[in-house]
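**Q** One structure coming up, written as C-alpha cells, with questions to follow.
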Amino acid sequence: MAASRCSATIRRGADVDAPGLAGAASWDVEIRACEEALRVAFLHADMRALDELIADDYIVNSPLHKVVTKPLLLQLLETGRLRHLSLDSRIETMQRHGDTVVVMGGDRVVDGPDRVCSTRRFTNLWQLTDGRWRATARHVHVVTREDADAPARASAIARERAGAPERAYQPTP
C-alpha cells in the first residue's frame with residue numbers, strides 16, 4: 001500500500017489529483033487512512049504522529065463543553081488527563097469541497113481510569129495543504145455515557161423486557 005498524503009511524506013506526480021484523471025477518487029482512500037492514523041495516534045497518545053496529522057490551528061468543539069486548541073489537546077493527552085482505553089470509529093459519509101473534506105460518523109470510546117463508555121457523533125474537517133492532508137477542526141457530541149459494563153447489562157435487561165434479539169451499535173443513517 002502506498003504512503004498516504006496524511007503522513008509527513010509528500011507524494012508527487014501521479015499521486016496528485018487532477019480534474020479528469022483516474023486517481024481523482026484517491027482522496028477518499030487517503031482520508032480514510034488519515035482518519036485511521038488519527039484514531040490510532042490519539043488512542044496511543046502518540047504526540048509525534050498527532051503533531052504531523054493535526055494542523056497548528058486545529059480546534060475541537062469537545063465533549064469537555066469547551067473549544068480546545070491543538071496545544072491544549074496535546075497537553076491533556078501528554079499529561080494523561082485525557083486518555084482513551086479504546087476508540088472504535090465508523091465513518092458514515094465524506095464530502096470533498098475543493099481542498100477540504102468533511103467526515104461525519106459515530107464512535108464509541110472508553111475513557112480511563114474509570115472506564116466510562118461514551119457513544120458519540122463526530123464531524124472532522126481535513127484540509128489539503130502543501131501536498132498533504134491535515135485535520136483542521138473537529139466537533140464531538142456525546143449521545144450516551146455510562147460505565148463500560150453498563151451497555152451489556154442494559155442490553156440484556158432491555159432484550160429480556162422486550163423479547164428483542166441482541167443488536168450491535170448502529171449509528172443513525
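Identifiers in this document derive from the order of the C-alpha cells: chains are assigned A, B, ..., residues are numbered from 1 separately in each chain, and ligands are numbered from 1 in order of occurrence.
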Using only C-alpha atoms, determine which residues lie at most 10 Å from Ser62 (chain A), disregarding the query and same-chain residues fewer than 4 positions distant; provide the list as a ChimeraX atom specification.
**A** /A:66-69,73,122,138-142
**Q** Would you save the residues from that selection as a PDB file, in the first residue's frame, using N, CA and C atoms?
**A**
```pdb
ATOM      1  N   LYS A  66     -16.141  22.744  25.843  1.00  0.00           N
ATOM      2  CA  LYS A  66     -15.390  23.948  25.501  1.00  0.00           C
ATOM      3  C   LYS A  66     -14.585  23.700  24.240  1.00  0.00           C
ATOM      4  N   VAL A  67     -14.151  24.779  23.631  1.00  0.00           N
ATOM      5  CA  VAL A  67     -13.311  24.690  22.449  1.00  0.00           C
ATOM      6  C   VAL A  67     -11.879  24.448  22.903  1.00  0.00           C
ATOM      7  N   VAL A  68     -11.256  23.433  22.325  1.00  0.00           N
ATOM      8  CA  VAL A  68      -9.899  23.039  22.697  1.00  0.00           C
ATOM      9  C   VAL A  68      -8.992  23.247  21.494  1.00  0.00           C
ATOM     10  N   THR A  69      -7.856  23.888  21.711  1.00  0.00           N
ATOM     11  CA  THR A  69      -6.869  24.106  20.658  1.00  0.00           C
ATOM     12  C   THR A  69      -5.872  22.946  20.629  1.00  0.00           C
ATOM     13  N   LEU A  73      -4.985  20.264  23.632  1.00  0.00           N
ATOM     14  CA  LEU A  73      -5.291  18.861  23.390  1.00  0.00           C
ATOM     15  C   LEU A  73      -4.053  17.993  23.607  1.00  0.00           C
ATOM     16  N   PHE A 122     -19.547  12.592  15.528  1.00  0.00           N
ATOM     17  CA  PHE A 122     -18.431  13.479  15.245  1.00  0.00           C
ATOM     18  C   PHE A 122     -18.479  14.023  13.826  1.00  0.00           C
ATOM     19  N   ARG A 138     -12.658  19.704  14.496  1.00  0.00           N
ATOM     20  CA  ARG A 138     -13.440  18.532  14.916  1.00  0.00           C
ATOM     21  C   ARG A 138     -14.556  18.992  15.843  1.00  0.00           C
ATOM     22  N   HIS A 139     -15.704  18.358  15.694  1.00  0.00           N
ATOM     23  CA  HIS A 139     -16.796  18.544  16.643  1.00  0.00           C
ATOM     24  C   HIS A 139     -17.195  17.164  17.132  1.00  0.00           C
ATOM     25  N   VAL A 140     -17.304  17.002  18.438  1.00  0.00           N
ATOM     26  CA  VAL A 140     -17.697  15.726  19.040  1.00  0.00           C
ATOM     27  C   VAL A 140     -18.849  15.993  19.998  1.00  0.00           C
ATOM     28  N   HIS A 141     -19.890  15.188  19.870  1.00  0.00           N
ATOM     29  CA  HIS A 141     -21.064  15.312  20.729  1.00  0.00           C
ATOM     30  C   HIS A 141     -21.350  13.965  21.373  1.00  0.00           C
ATOM     31  N   VAL A 142     -21.431  13.922  22.690  1.00  0.00           N
ATOM     32  CA  VAL A 142     -21.742  12.691  23.403  1.00  0.00           C
ATOM     33  C   VAL A 142     -23.251  12.445  23.329  1.00  0.00           C
TER      34      VAL A 142
END
```
**Q** List as CSV every residue of region 91-135 of chain A that is in contact with region 35-58 of chain A, defined as an atom at most 9 Å from one of its atoms (using only C-alpha atoms), together with the nearest atom pair and the distance in Å rounded to one decimal, sorted by chain and then rising number.
**A**
```
residue,atom,partner,partner_atom,distance
A:Ile91,CA,A:Glu35,CA,8.8
A:Val103,CA,A:Glu35,CA,8.8
A:Asn124,CA,A:Glu35,CA,8.8
A:Trp126,CA,A:Ile54,CA,8.9
A:Gln127,CA,A:Ala55,CA,8.7
A:Trp133,CA,A:Leu53,CA,7.5
A:Arg134,CA,A:Leu53,CA,5.1
A:Ala135,CA,A:Ile54,CA,4.7
```
**Q** With DSSP run on the backbone, what are the strand (DSSP E) residues within region 95-140 of chain A? I'd like them as a PyMOL selection string.
**A** chain A and resi 95-97+100-111+116-129+132-140
**Q** Please produce a file of those selected residues containing C-alpha atoms, as a PDB file, in the first residue's frame.
**A**
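See out12.pdb below for the written result:
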```pdb
ATOM      1  CA  GLN A  95     -17.732  15.038   1.088  1.00  0.00           C
ATOM      2  CA  ARG A  96     -14.946  16.874  -0.682  1.00  0.00           C
ATOM      3  CA  HIS A  97     -15.180  20.605  -1.279  1.00  0.00           C
ATOM      4  CA  THR A 100     -11.374  20.465   2.249  1.00  0.00           C
ATOM      5  CA  VAL A 101     -13.046  17.193   3.204  1.00  0.00           C
ATOM      6  CA  VAL A 102     -15.890  16.844   5.704  1.00  0.00           C
ATOM      7  CA  VAL A 103     -16.076  13.481   7.502  1.00  0.00           C
ATOM      8  CA  MET A 104     -19.115  12.552   9.616  1.00  0.00           C
ATOM      9  CA  GLY A 105     -19.812   9.479  11.684  1.00  0.00           C
ATOM     10  CA  GLY A 106     -20.110   7.920  15.096  1.00  0.00           C
ATOM     11  CA  ASP A 107     -17.758   6.380  17.610  1.00  0.00           C
ATOM     12  CA  ARG A 108     -17.625   4.583  20.927  1.00  0.00           C
ATOM     13  CA  VAL A 109     -14.882   5.420  23.349  1.00  0.00           C
ATOM     14  CA  VAL A 110     -13.924   4.033  26.740  1.00  0.00           C
ATOM     15  CA  ASP A 111     -12.075   6.570  28.885  1.00  0.00           C
ATOM     16  CA  VAL A 116     -16.695   5.356  31.215  1.00  0.00           C
ATOM     17  CA  CYS A 117     -18.086   4.358  27.815  1.00  0.00           C
ATOM     18  CA  SER A 118     -19.410   7.108  25.536  1.00  0.00           C
ATOM     19  CA  THR A 119     -21.308   6.790  22.294  1.00  0.00           C
ATOM     20  CA  ARG A 120     -20.646   9.931  20.285  1.00  0.00           C
ATOM     21  CA  ARG A 121     -21.286  11.686  16.970  1.00  0.00           C
ATOM     22  CA  PHE A 122     -18.431  13.479  15.245  1.00  0.00           C
ATOM     23  CA  THR A 123     -17.539  15.752  12.353  1.00  0.00           C
ATOM     24  CA  ASN A 124     -13.917  16.089  11.239  1.00  0.00           C
ATOM     25  CA  LEU A 125     -12.541  18.585   8.729  1.00  0.00           C
ATOM     26  CA  TRP A 126      -9.391  17.813   6.722  1.00  0.00           C
ATOM     27  CA  GLN A 127      -7.554  20.270   4.525  1.00  0.00           C
ATOM     28  CA  LEU A 128      -5.019  19.574   1.776  1.00  0.00           C
ATOM     29  CA  THR A 129      -2.100  21.916   2.453  1.00  0.00           C
ATOM     30  CA  ARG A 132      -0.757  16.564   2.497  1.00  0.00           C
ATOM     31  CA  TRP A 133      -3.997  16.208   4.420  1.00  0.00           C
ATOM     32  CA  ARG A 134      -4.139  17.619   7.946  1.00  0.00           C
ATOM     33  CA  ALA A 135      -7.022  17.716  10.396  1.00  0.00           C
ATOM     34  CA  THR A 136      -8.154  21.318  10.901  1.00  0.00           C
ATOM     35  CA  ALA A 137     -11.296  21.046  13.042  1.00  0.00           C
ATOM     36  CA  ARG A 138     -13.440  18.532  14.916  1.00  0.00           C
ATOM     37  CA  HIS A 139     -16.796  18.544  16.643  1.00  0.00           C
ATOM     38  CA  VAL A 140     -17.697  15.726  19.040  1.00  0.00           C
TER      39      VAL A 140
END
```
**Q** For Pro113 (chain A), find every residue with an atom within 10 Å (counting only C-alpha atoms), except residues of its own chain fewer than 2 positions away, and show them as a list in words.
**A**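 The contact residues come out as Gly80, Arg81, Leu82, Arg83, His84, Leu85, Val110, Asp111, Arg115 and Val116 of chain A.
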**Q** Produce a file of the selected residues containing N, CA and C atoms, as a PDB file, in the first residue's frame.
**A**
```
ATOM      1  N   GLY A  80      -1.927  12.747  30.544  1.00  0.00           N
ATOM      2  CA  GLY A  80      -2.825  11.663  30.918  1.00  0.00           C
ATOM      3  C   GLY A  80      -4.174  12.119  31.426  1.00  0.00           C
ATOM      4  N   ARG A  81      -4.429  13.434  31.408  1.00  0.00           N
ATOM      5  CA  ARG A  81      -5.740  13.941  31.850  1.00  0.00           C
ATOM      6  C   ARG A  81      -6.832  13.529  30.873  1.00  0.00           C
ATOM      7  N   LEU A  82      -6.452  13.264  29.640  1.00  0.00           N
ATOM      8  CA  LEU A  82      -7.355  12.756  28.621  1.00  0.00           C
ATOM      9  C   LEU A  82      -6.745  11.460  28.108  1.00  0.00           C
ATOM     10  N   ARG A  83      -7.435  10.361  28.324  1.00  0.00           N
ATOM     11  CA  ARG A  83      -6.889   9.062  27.927  1.00  0.00           C
ATOM     12  C   ARG A  83      -8.016   8.128  27.525  1.00  0.00           C
ATOM     13  N   HIS A  84      -7.937   7.620  26.290  1.00  0.00           N
ATOM     14  CA  HIS A  84      -8.912   6.636  25.815  1.00  0.00           C
ATOM     15  C   HIS A  84      -8.309   5.248  25.949  1.00  0.00           C
ATOM     16  N   LEU A  85      -9.068   4.331  26.540  1.00  0.00           N
ATOM     17  CA  LEU A  85      -8.643   2.933  26.621  1.00  0.00           C
ATOM     18  C   LEU A  85      -9.016   2.177  25.353  1.00  0.00           C
ATOM     19  N   VAL A 110     -13.994   4.347  25.313  1.00  0.00           N
ATOM     20  CA  VAL A 110     -13.924   4.033  26.740  1.00  0.00           C
ATOM     21  C   VAL A 110     -12.769   4.841  27.303  1.00  0.00           C
ATOM     22  N   ASP A 111     -13.081   5.706  28.276  1.00  0.00           N
ATOM     23  CA  ASP A 111     -12.075   6.570  28.885  1.00  0.00           C
ATOM     24  C   ASP A 111     -11.583   5.967  30.195  1.00  0.00           C
ATOM     25  N   ARG A 115     -13.226   3.871  33.244  1.00  0.00           N
ATOM     26  CA  ARG A 115     -13.835   3.063  32.185  1.00  0.00           C
ATOM     27  C   ARG A 115     -15.248   3.527  31.816  1.00  0.00           C
ATOM     28  N   VAL A 116     -15.413   4.823  31.669  1.00  0.00           N
ATOM     29  CA  VAL A 116     -16.695   5.356  31.215  1.00  0.00           C
ATOM     30  C   VAL A 116     -16.771   5.183  29.700  1.00  0.00           C
TER      31      VAL A 116
END
```
**Q** Just to confirm, what's the straight-line distance from CA of Gly131 (chain A) to CA of Cys6 (chain A) in Å (one decimal)?
**A**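 We find that CA of Gly131 (chain A) and CA of Cys6 (chain A) lie 8.8 Å from each other.
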